[in-house]
file my_file.pdb (PDB, N, CA and C atoms)
ATOM      1  N   MET A  21       0.838  -1.172   0.000
ATOM      2  CA  MET A  21       0.000   0.000   0.000
ATOM      3  C   MET A  21       0.889   1.243   0.000
ATOM      4  N   ALA A  22       0.627   2.139  -0.914
ATOM      5  CA  ALA A  22       1.414   3.364  -1.014
ATOM      6  C   ALA A  22       0.845   4.414  -0.063
ATOM      7  N   THR A  23       1.718   5.155   0.570
ATOM      8  CA  THR A  23       1.275   6.221   1.462
ATOM      9  C   THR A  23       1.549   7.555   0.806
ATOM     10  N   PHE A  24       0.739   8.520   1.141
ATOM     11  CA  PHE A  24       0.930   9.876   0.648
ATOM     12  C   PHE A  24       2.027  10.520   1.477
ATOM     13  N   ASP A  25       3.092  10.949   0.826
ATOM     14  CA  ASP A  25       4.250  11.475   1.542
ATOM     15  C   ASP A  25       4.679  12.809   0.944
ATOM     16  N   PRO A  26       4.014  13.908   1.323
ATOM     17  CA  PRO A  26       4.394  15.207   0.770
ATOM     18  C   PRO A  26       5.789  15.655   1.207
ATOM     19  N   ALA A  27       6.265  15.173   2.349
ATOM     20  CA  ALA A  27       7.598  15.572   2.816
ATOM     21  C   ALA A  27       8.669  15.111   1.839
ATOM     22  N   THR A  28       8.507  13.917   1.264
ATOM     23  CA  THR A  28       9.486  13.428   0.293
ATOM     24  C   THR A  28       9.460  14.275  -0.966
ATOM     25  N   MET A  29       8.268  14.722  -1.373
ATOM     26  CA  MET A  29       8.170  15.570  -2.563
ATOM     27  C   MET A  29       8.841  16.920  -2.339
ATOM     28  N   VAL A  30       8.731  17.461  -1.129
ATOM     29  CA  VAL A  30       9.286  18.786  -0.846
ATOM     30  C   VAL A  30      10.762  18.706  -0.472
ATOM     31  N   PHE A  31      11.115  17.805   0.434
ATOM     32  CA  PHE A  31      12.472  17.748   0.968
ATOM     33  C   PHE A  31      13.414  16.870   0.164
ATOM     34  N   GLY A  32      12.889  15.995  -0.668
ATOM     35  CA  GLY A  32      13.728  15.151  -1.518
ATOM     36  C   GLY A  32      14.643  14.242  -0.717
ATOM     37  N   GLY A  33      15.943  14.368  -0.946
ATOM     38  CA  GLY A  33      16.932  13.513  -0.301
ATOM     39  C   GLY A  33      16.984  13.665   1.208
ATOM     40  N   PHE A  34      16.602  14.840   1.716
ATOM     41  CA  PHE A  34      16.599  15.035   3.165
ATOM     42  C   PHE A  34      15.580  14.113   3.831
ATOM     43  N   ALA A  35      14.456  13.881   3.165
ATOM     44  CA  ALA A  35      13.454  12.958   3.711
ATOM     45  C   ALA A  35      14.010  11.540   3.772
ATOM     46  N   ASP A  36      14.833  11.172   2.792
ATOM     47  CA  ASP A  36      15.476   9.855   2.833
ATOM     48  C   ASP A  36      16.430   9.755   4.020
ATOM     49  N   GLN A  37      17.117  10.850   4.325
ATOM     50  CA  GLN A  37      18.005  10.869   5.483
ATOM     51  C   GLN A  37      17.211  10.724   6.785
ATOM     52  N   LEU A  38      16.033  11.351   6.839
ATOM     53  CA  LEU A  38      15.179  11.198   8.019
ATOM     54  C   LEU A  38      14.723   9.753   8.170
ATOM     55  N   ASP A  39      14.374   9.121   7.044
ATOM     56  CA  ASP A  39      13.977   7.708   7.091
ATOM     57  C   ASP A  39      15.125   6.832   7.567
ATOM     58  N   ALA A  40      16.327   7.134   7.113
ATOM     59  CA  ALA A  40      17.485   6.339   7.525
ATOM     60  C   ALA A  40      17.796   6.546   9.005
ATOM     61  N   ALA A  41      17.587   7.770   9.498
ATOM     62  CA  ALA A  41      17.912   8.072  10.892
ATOM     63  C   ALA A  41      16.864   7.542  11.865
ATOM     64  N   PHE A  42      15.582   7.687  11.515
ATOM     65  CA  PHE A  42      14.520   7.357  12.459
ATOM     66  C   PHE A  42      13.742   6.095  12.107
ATOM     67  N   GLY A  43      14.023   5.483  10.976
ATOM     68  CA  GLY A  43      13.207   4.365  10.509
ATOM     69  C   GLY A  43      12.100   4.896   9.615
ATOM     70  N   SER A  44      11.478   4.025   8.858
ATOM     71  CA  SER A  44      10.515   4.506   7.859
ATOM     72  C   SER A  44       9.278   5.144   8.491
ATOM     73  N   SER A  45       8.741   4.575   9.554
ATOM     74  CA  SER A  45       7.522   5.135  10.161
ATOM     75  C   SER A  45       7.800   6.458  10.865
ATOM     76  N   MET A  46       8.802   6.472  11.745
ATOM     77  CA  MET A  46       9.130   7.714  12.459
ATOM     78  C   MET A  46       9.698   8.758  11.506
ATOM     79  N   GLY A  47      10.438   8.328  10.488
ATOM     80  CA  GLY A  47      10.950   9.267   9.493
ATOM     81  C   GLY A  47       9.822   9.951   8.752
ATOM     82  N   TRP A  48       8.766   9.182   8.425
ATOM     83  CA  TRP A  48       7.598   9.754   7.761
ATOM     84  C   TRP A  48       6.934  10.778   8.670
ATOM     85  N   ILE A  49       6.777  10.425   9.950
ATOM     86  CA  ILE A  49       6.124  11.327  10.903
ATOM     87  C   ILE A  49       6.956  12.591  11.106
ATOM     88  N   VAL A  50       8.252  12.432  11.344
ATOM     89  CA  VAL A  50       9.123  13.591  11.576
ATOM     90  C   VAL A  50       9.168  14.479  10.334
ATOM     91  N   GLY A  51       9.289  13.879   9.157
ATOM     92  CA  GLY A  51       9.340  14.658   7.922
ATOM     93  C   GLY A  51       8.080  15.455   7.693
ATOM     94  N   ASN A  52       6.921  14.835   7.914
ATOM     95  CA  ASN A  52       5.663  15.545   7.705
ATOM     96  C   ASN A  52       5.402  16.578   8.790
ATOM     97  N   LEU A  53       5.836  16.309  10.027
ATOM     98  CA  LEU A  53       5.728  17.333  11.070
ATOM     99  C   LEU A  53       6.628  18.527  10.765
ATOM    100  N   LEU A  54       7.805  18.250  10.240
ATOM    101  CA  LEU A  54       8.703  19.334   9.841
ATOM    102  C   LEU A  54       8.087  20.155   8.714
ATOM    103  N   LEU A  55       7.458  19.492   7.765
ATOM    104  CA  LEU A  55       6.786  20.191   6.670
ATOM    105  C   LEU A  55       5.641  21.051   7.200
ATOM    106  N   LEU A  56       4.870  20.522   8.143
ATOM    107  CA  LEU A  56       3.794  21.310   8.749
ATOM    108  C   LEU A  56       4.343  22.514   9.511
ATOM    109  N   ALA A  57       5.456  22.340  10.211
ATOM    110  CA  ALA A  57       6.062  23.449  10.950
ATOM    111  C   ALA A  57       6.531  24.547  10.001
ATOM    112  N   VAL A  58       7.132  24.155   8.885
ATOM    113  CA  VAL A  58       7.581  25.144   7.900
ATOM    114  C   VAL A  58       6.374  25.870   7.308
ATOM    115  N   ALA A  59       5.333  25.124   6.949
ATOM    116  CA  ALA A  59       4.127  25.741   6.389
ATOM    117  C   ALA A  59       3.483  26.686   7.400
ATOM    118  N   PHE A  60       3.393  26.257   8.665
ATOM    119  CA  PHE A  60       2.818  27.104   9.703
ATOM    120  C   PHE A  60       3.648  28.378   9.886
ATOM    121  N   GLY A  61       4.972  28.243   9.877
ATOM    122  CA  GLY A  61       5.840  29.414  10.006
ATOM    123  C   GLY A  61       5.663  30.391   8.860
ATOM    124  N   LEU A  62       5.536  29.879   7.641
ATOM    125  CA  LEU A  62       5.318  30.757   6.489
ATOM    126  C   LEU A  62       3.962  31.454   6.566
ATOM    127  N   ILE A  63       2.940  30.726   6.996
ATOM    128  CA  ILE A  63       1.612  31.331   7.135
ATOM    129  C   ILE A  63       1.639  32.433   8.185
ATOM    130  N   GLN A  64       2.286  32.184   9.309
ATOM    131  CA  GLN A  64       2.386  33.205  10.356
ATOM    132  C   GLN A  64       3.173  34.422   9.870
ATOM    133  N   ALA A  65       4.234  34.181   9.111
ATOM    134  CA  ALA A  65       5.024  35.294   8.579
ATOM    135  C   ALA A  65       4.190  36.133   7.622
ATOM    136  N   LEU A  66       3.378  35.485   6.792
ATOM    137  CA  LEU A  66       2.520  36.229   5.874
ATOM    138  C   LEU A  66       1.428  36.989   6.626
ATOM    139  N   ARG A  67       0.882  36.385   7.663
ATOM    140  CA  ARG A  67      -0.162  37.056   8.441
ATOM    141  C   ARG A  67       0.380  38.277   9.175
ATOM    142  N   ASN A  68       1.637  38.228   9.577
ATOM    143  CA  ASN A  68       2.247  39.327  10.326
ATOM    144  C   ASN A  68       3.248  40.103   9.481
ATOM    145  N   SER A  69       3.059  40.112   8.177
ATOM    146  CA  SER A  69       4.060  40.737   7.307
ATOM    147  C   SER A  69       4.214  42.229   7.577
ATOM    148  N   SER A  70       3.130  42.921   7.891
ATOM    149  CA  SER A  70       3.265  44.358   8.153
ATOM    150  C   SER A  70       4.101  44.603   9.407
ATOM    151  N   ASN A  71       3.928  43.786  10.441
ATOM    152  CA  ASN A  71       4.750  43.920  11.649
ATOM    153  C   ASN A  71       6.207  43.593  11.356
ATOM    154  N   LEU A  72       6.439  42.544  10.570
ATOM    155  CA  LEU A  72       7.813  42.173  10.227
ATOM    156  C   LEU A  72       8.495  43.285   9.443
ATOM    157  N   ILE A  73       7.784  43.857   8.481
ATOM    158  CA  ILE A  73       8.365  44.934   7.677
ATOM    159  C   ILE A  73       8.683  46.138   8.557
ATOM    160  N   ARG A  74       7.776  46.472   9.466
ATOM    161  CA  ARG A  74       7.994  47.637  10.326
ATOM    162  C   ARG A  74       9.135  47.401  11.317
ATOM    163  N   HIS A  75       9.168  46.253  11.980
ATOM    164  CA  HIS A  75      10.165  46.014  13.025
ATOM    165  C   HIS A  75      11.541  45.680  12.462
ATOM    166  N   PHE A  76      11.609  45.039  11.297
ATOM    167  CA  PHE A  76      12.903  44.756  10.682
ATOM    168  C   PHE A  76      13.361  45.890   9.769
ATOM    169  N   GLU A  77      12.542  46.936   9.668
ATOM    170  CA  GLU A  77      12.847  48.110   8.852
ATOM    171  C   GLU A  77      13.218  47.713   7.428
ATOM    172  N   ILE A  78      12.370  46.906   6.813
ATOM    173  CA  ILE A  78      12.603  46.458   5.442
ATOM    174  C   ILE A  78      12.115  47.551   4.499
ATOM    175  N   THR A  79      13.031  48.063   3.690
ATOM    176  CA  THR A  79      12.707  49.101   2.718
ATOM    177  C   THR A  79      13.118  48.621   1.335
ATOM    178  N   ASN A  80      12.724  49.390   0.322
ATOM    179  CA  ASN A  80      13.118  49.041  -1.045
ATOM    180  C   ASN A  80      14.632  49.074  -1.198
ATOM    181  N   ALA A  81      15.290  50.003  -0.526
ATOM    182  CA  ALA A  81      16.751  50.085  -0.623
ATOM    183  C   ALA A  81      17.408  48.845  -0.021
ATOM    184  N   LYS A  82      16.881  48.365   1.105
ATOM    185  CA  LYS A  82      17.454  47.160   1.719
ATOM    186  C   LYS A  82      17.223  45.932   0.851
ATOM    187  N   ILE A  83      16.039  45.814   0.267
ATOM    188  CA  ILE A  83      15.759  44.677  -0.606
ATOM    189  C   ILE A  83      16.679  44.712  -1.814
ATOM    190  N   THR A  84      16.887  45.894  -2.380
ATOM    191  CA  THR A  84      17.794  46.030  -3.520
ATOM    192  C   THR A  84      19.215  45.641  -3.135
ATOM    193  N   SER A  85      19.665  46.052  -1.962
ATOM    194  CA  SER A  85      21.021  45.696  -1.542
ATOM    195  C   SER A  85      21.134  44.198  -1.278
ATOM    196  N   TRP A  86      20.096  43.570  -0.695
ATOM    197  CA  TRP A  86      20.123  42.116  -0.473
ATOM    198  C   TRP A  86      20.208  41.374  -1.800
ATOM    199  N   ILE A  87      19.453  41.842  -2.797
ATOM    200  CA  ILE A  87      19.512  41.210  -4.122
ATOM    201  C   ILE A  87      20.907  41.374  -4.710
ATOM    202  N   GLY A  88      21.482  42.561  -4.564
ATOM    203  CA  GLY A  88      22.836  42.798  -5.067
ATOM    204  C   GLY A  88      23.869  41.917  -4.391
ATOM    205  N   TYR A  89      23.775  41.792  -3.076
ATOM    206  CA  TYR A  89      24.724  40.937  -2.356
ATOM    207  C   TYR A  89      24.544  39.470  -2.728
ATOM    208  N   THR A  90      23.314  39.057  -2.970
ATOM    209  CA  THR A  90      23.068  37.676  -3.401
ATOM    210  C   THR A  90      23.678  37.420  -4.771
ATOM    211  N   ILE A  91      23.501  38.353  -5.683
ATOM    212  CA  ILE A  91      24.093  38.210  -7.018
ATOM    213  C   ILE A  91      25.616  38.193  -6.922
ATOM    214  N   ALA A  92      26.181  39.057  -6.086
ATOM    215  CA  ALA A  92      27.639  39.078  -5.909
ATOM    216  C   ALA A  92      28.142  37.753  -5.349
ATOM    217  N   THR A  93      27.407  37.177  -4.405
ATOM    218  CA  THR A  93      27.800  35.882  -3.836
ATOM    219  C   THR A  93      27.761  34.793  -4.891
ATOM    220  N   ILE A  94      26.720  34.780  -5.707
ATOM    221  CA  ILE A  94      26.604  33.760  -6.760
ATOM    222  C   ILE A  94      27.739  33.894  -7.764
ATOM    223  N   ILE A  95      28.040  35.114  -8.176
ATOM    224  CA  ILE A  95      29.129  35.327  -9.140
ATOM    225  C   ILE A  95      30.460  34.884  -8.543
ATOM    226  N   GLN A  96      30.720  35.266  -7.289
ATOM    227  CA  GLN A  96      31.967  34.849  -6.652
ATOM    228  C   GLN A  96      32.039  33.334  -6.513
ATOM    229  N   HIS A  97      30.925  32.715  -6.203
ATOM    230  CA  HIS A  97      30.894  31.258  -6.079
ATOM    231  C   HIS A  97      31.276  30.609  -7.405
ATOM    232  N   LEU A  98      30.729  31.111  -8.492
ATOM    233  CA  LEU A  98      31.058  30.563  -9.809
ATOM    234  C   LEU A  98      32.534  30.772 -10.147
ATOM    235  N   VAL A  99      33.069  31.925  -9.771
ATOM    236  CA  VAL A  99      34.491  32.191 -10.017
ATOM    237  C   VAL A  99      35.354  31.229  -9.209
ATOM    238  N   PHE A 100      35.028  31.044  -7.938
ATOM    239  CA  PHE A 100      35.828  30.148  -7.101
ATOM    240  C   PHE A 100      35.713  28.697  -7.558
ATOM    241  N   ILE A 101      34.549  28.296  -8.049
ATOM    242  CA  ILE A 101      34.397  26.950  -8.612
ATOM    243  C   ILE A 101      35.296  26.805  -9.837
ATOM    244  N   SER A 102      35.356  27.850 -10.673
ATOM    245  CA  SER A 102      36.206  27.775 -11.869
ATOM    246  C   SER A 102      37.689  27.729 -11.498
ATOM    247  N   PHE A 103      38.048  28.232 -10.318
ATOM    248  CA  PHE A 103      39.431  28.139  -9.848
ATOM    249  C   PHE A 103      39.766  26.752  -9.322
ATOM    250  N   GLY A 104      38.760  25.890  -9.180
ATOM    251  CA  GLY A 104      38.992  24.532  -8.719
ATOM    252  C   GLY A 104      38.702  24.309  -7.245
ATOM    253  N   PHE A 105      38.054  25.280  -6.595
ATOM    254  CA  PHE A 105      37.678  25.097  -5.195
ATOM    255  C   PHE A 105      36.607  24.015  -5.103
ATOM    256  N   PRO A 106      36.560  23.261  -3.999
ATOM    257  CA  PRO A 106      35.415  22.367  -3.792
ATOM    258  C   PRO A 106      34.151  23.203  -3.572
ATOM    259  N   PHE A 107      32.991  22.597  -3.764
ATOM    260  CA  PHE A 107      31.723  23.331  -3.720
ATOM    261  C   PHE A 107      31.554  24.097  -2.412
ATOM    262  N   ILE A 108      31.714  23.417  -1.285
ATOM    263  CA  ILE A 108      31.508  24.059   0.020
ATOM    264  C   ILE A 108      32.559  25.139   0.263
ATOM    265  N   GLY A 109      33.808  24.861  -0.111
ATOM    266  CA  GLY A 109      34.861  25.862   0.052
ATOM    267  C   GLY A 109      34.585  27.104  -0.769
ATOM    268  N   ALA A 110      34.116  26.910  -1.998
ATOM    269  CA  ALA A 110      33.786  28.054  -2.852
ATOM    270  C   ALA A 110      32.615  28.835  -2.271
ATOM    271  N   PHE A 111      31.625  28.126  -1.754
ATOM    272  CA  PHE A 111      30.460  28.791  -1.177
ATOM    273  C   PHE A 111      30.838  29.593   0.063
ATOM    274  N   LEU A 112      31.599  28.982   0.972
ATOM    275  CA  LEU A 112      31.991  29.686   2.195
ATOM    276  C   LEU A 112      32.897  30.876   1.900
ATOM    277  N   THR A 113      33.798  30.719   0.936
ATOM    278  CA  THR A 113      34.666  31.832   0.564
ATOM    279  C   THR A 113      33.858  32.961  -0.061
ATOM    280  N   ALA A 114      32.887  32.623  -0.905
ATOM    281  CA  ALA A 114      32.052  33.648  -1.530
ATOM    282  C   ALA A 114      31.207  34.377  -0.488
ATOM    283  N   VAL A 115      30.624  33.638   0.444
ATOM    284  CA  VAL A 115      29.799  34.266   1.479
ATOM    285  C   VAL A 115      30.652  35.155   2.374
ATOM    286  N   SER A 116      31.816  34.661   2.802
ATOM    287  CA  SER A 116      32.661  35.480   3.680
ATOM    288  C   SER A 116      33.182  36.709   2.947
ATOM    289  N   SER A 117      33.511  36.577   1.676
ATOM    290  CA  SER A 117      33.969  37.736   0.900
ATOM    291  C   SER A 117      32.857  38.766   0.753
ATOM    292  N   THR A 118      31.650  38.302   0.491
ATOM    293  CA  THR A 118      30.527  39.227   0.347
ATOM    294  C   THR A 118      30.206  39.909   1.670
ATOM    295  N   LEU A 119      30.261  39.163   2.775
ATOM    296  CA  LEU A 119      30.005  39.783   4.076
ATOM    297  C   LEU A 119      31.076  40.816   4.421
ATOM    298  N   LEU A 120      32.334  40.522   4.080
ATOM    299  CA  LEU A 120      33.396  41.502   4.302
ATOM    300  C   LEU A 120      33.159  42.746   3.456
ATOM    301  N   TRP A 121      32.751  42.528   2.192
ATOM    302  CA  TRP A 121      32.456  43.645   1.305
ATOM    303  C   TRP A 121      31.302  44.474   1.866
ATOM    304  N   LYS A 122      30.241  43.820   2.356
ATOM    305  CA  LYS A 122      29.093  44.525   2.923
ATOM    306  C   LYS A 122      29.505  45.310   4.162
ATOM    307  N   TRP A 123      30.280  44.684   5.043
ATOM    308  CA  TRP A 123      30.717  45.373   6.252
ATOM    309  C   TRP A 123      31.566  46.596   5.896
ATOM    310  N   THR A 124      32.481  46.422   4.949
ATOM    311  CA  THR A 124      33.338  47.528   4.536
ATOM    312  C   THR A 124      32.510  48.660   3.944
ATOM    313  N   PHE A 125      31.573  48.313   3.086
ATOM    314  CA  PHE A 125      30.728  49.332   2.463
ATOM    315  C   PHE A 125      29.886  50.058   3.505
ATOM    316  N   ASP A 126      29.275  49.304   4.419
ATOM    317  CA  ASP A 126      28.434  49.931   5.447
ATOM    318  C   ASP A 126      29.247  50.781   6.410
ATOM    319  N   THR A 127      30.485  50.378   6.687
ATOM    320  CA  THR A 127      31.317  51.114   7.630
ATOM    321  C   THR A 127      31.899  52.378   7.007
ATOM    322  N   LEU A 128      32.330  52.287   5.760
ATOM    323  CA  LEU A 128      33.023  53.406   5.137
ATOM    324  C   LEU A 128      32.116  54.381   4.403
ATOM    325  N   THR A 129      30.856  54.023   4.195
ATOM    326  CA  THR A 129      29.941  54.929   3.510
ATOM    327  C   THR A 129      29.551  56.047   4.462
ATOM    328  N   PRO A 130      29.726  57.296   4.027
ATOM    329  CA  PRO A 130      29.362  58.402   4.918
ATOM    330  C   PRO A 130      27.850  58.438   5.148
ATOM    331  N   THR A 131      27.472  58.804   6.350
ATOM    332  CA  THR A 131      26.057  58.940   6.689
ATOM    333  C   THR A 131      25.740  60.414   6.857
ATOM    334  N   ASN A 132      24.505  60.702   7.127
ATOM    335  CA  ASN A 132      24.118  62.102   7.332
ATOM    336  C   ASN A 132      24.804  62.639   8.586
ATOM    337  N   ALA A 133      25.636  63.636   8.400
ATOM    338  CA  ALA A 133      26.386  64.184   9.532
ATOM    339  C   ALA A 133      25.828  65.509   9.974
TER     340      ALA A 133
END

call {"tool": "encode", "arguments": {"input": "my_file.pdb", "output": "structure tokens"}}
result
Amino acid sequence: MATFDPATMVFGGFADQLDAAFGSSMGWIVGNLLLLAVAFGLIQALRNSSNLIRHFEITNAKITSWIGYTIATIIQHLVFISFGFPFIGAFLTAVSSTLLWKWTFDTLTPTNA
């Protein structure tokens, strides 16, 4: 008998790891509970989006800078991969380089004096 397993459809290989760690029955339960927790968290975030935007001070300028930093990280990751770095090493180097760049930019950019 086939069971409906949305966690496997969403999590893919991670659901297989849960099955290997907890057994097939408990892995199914843990995976689907995790999926419900993620869905519940997203629903709560959407319901409270105005509070999140106000308290985290999310503006168009911040969203634009986050997109820019994400693009910079992806480009650096591709460059480091082409240099022969392993995947994780390239990713960590790209993230740390981008964070250093962001910190430097935020620190050295003049503010309203």

call {"tool": "atom_distance", "arguments": {"input": "my_file.pdb", "atom1": "atom N of Trp121 in chain A", "atom2": "atom C of His75 in chain A"}}
result
23.8 Å

call {"tool": "atom_distance", "arguments": {"input": "my_file.pdb", "atom1": "CA of Leu38 in chain A", "atom2": "atom N of Ala59 in chain A"}}
result
17.1 Å

call {"tool": "atom_distance", "arguments": {"input": "my_file.pdb", "atom1": "CA of Gly32 in chain A", "atom2": "CA of Ile63 in chain A"}}
result
22.0 Å

call {"tool": "residues_around", "arguments": {"input": "my_file.pdb", "residues": "range 87-95 of chain A", "least_positions_apart": "6", "cutoff": "9 Å", "atoms": "only C-alpha atoms", "output": "ChimeraX atom specification"}}
result
/A:111,114-119,121-122

call {"tool": "residues_around", "arguments": {"input": "my_file.pdb", "residues": "Pro26 in chain A", "least_positions_apart": "4", "cutoff": "8 Å", "atoms": "all atoms listed in the file", "output": "PyMOL selection string"}}
result
chain A and resi 30-32+51-52+55

call {"tool": "axis_aligned_box", "arguments": {"input": "my_file.pdb", "around": "range 59-75 of chain A", "padding_each_side": "8 Å", "output": "JSON"}}
result
{"center_x": 5.7, "center_y": 36.4, "center_z": 9.4, "size_x": 27.7, "size_y": 38.5, "size_z": 23.2}
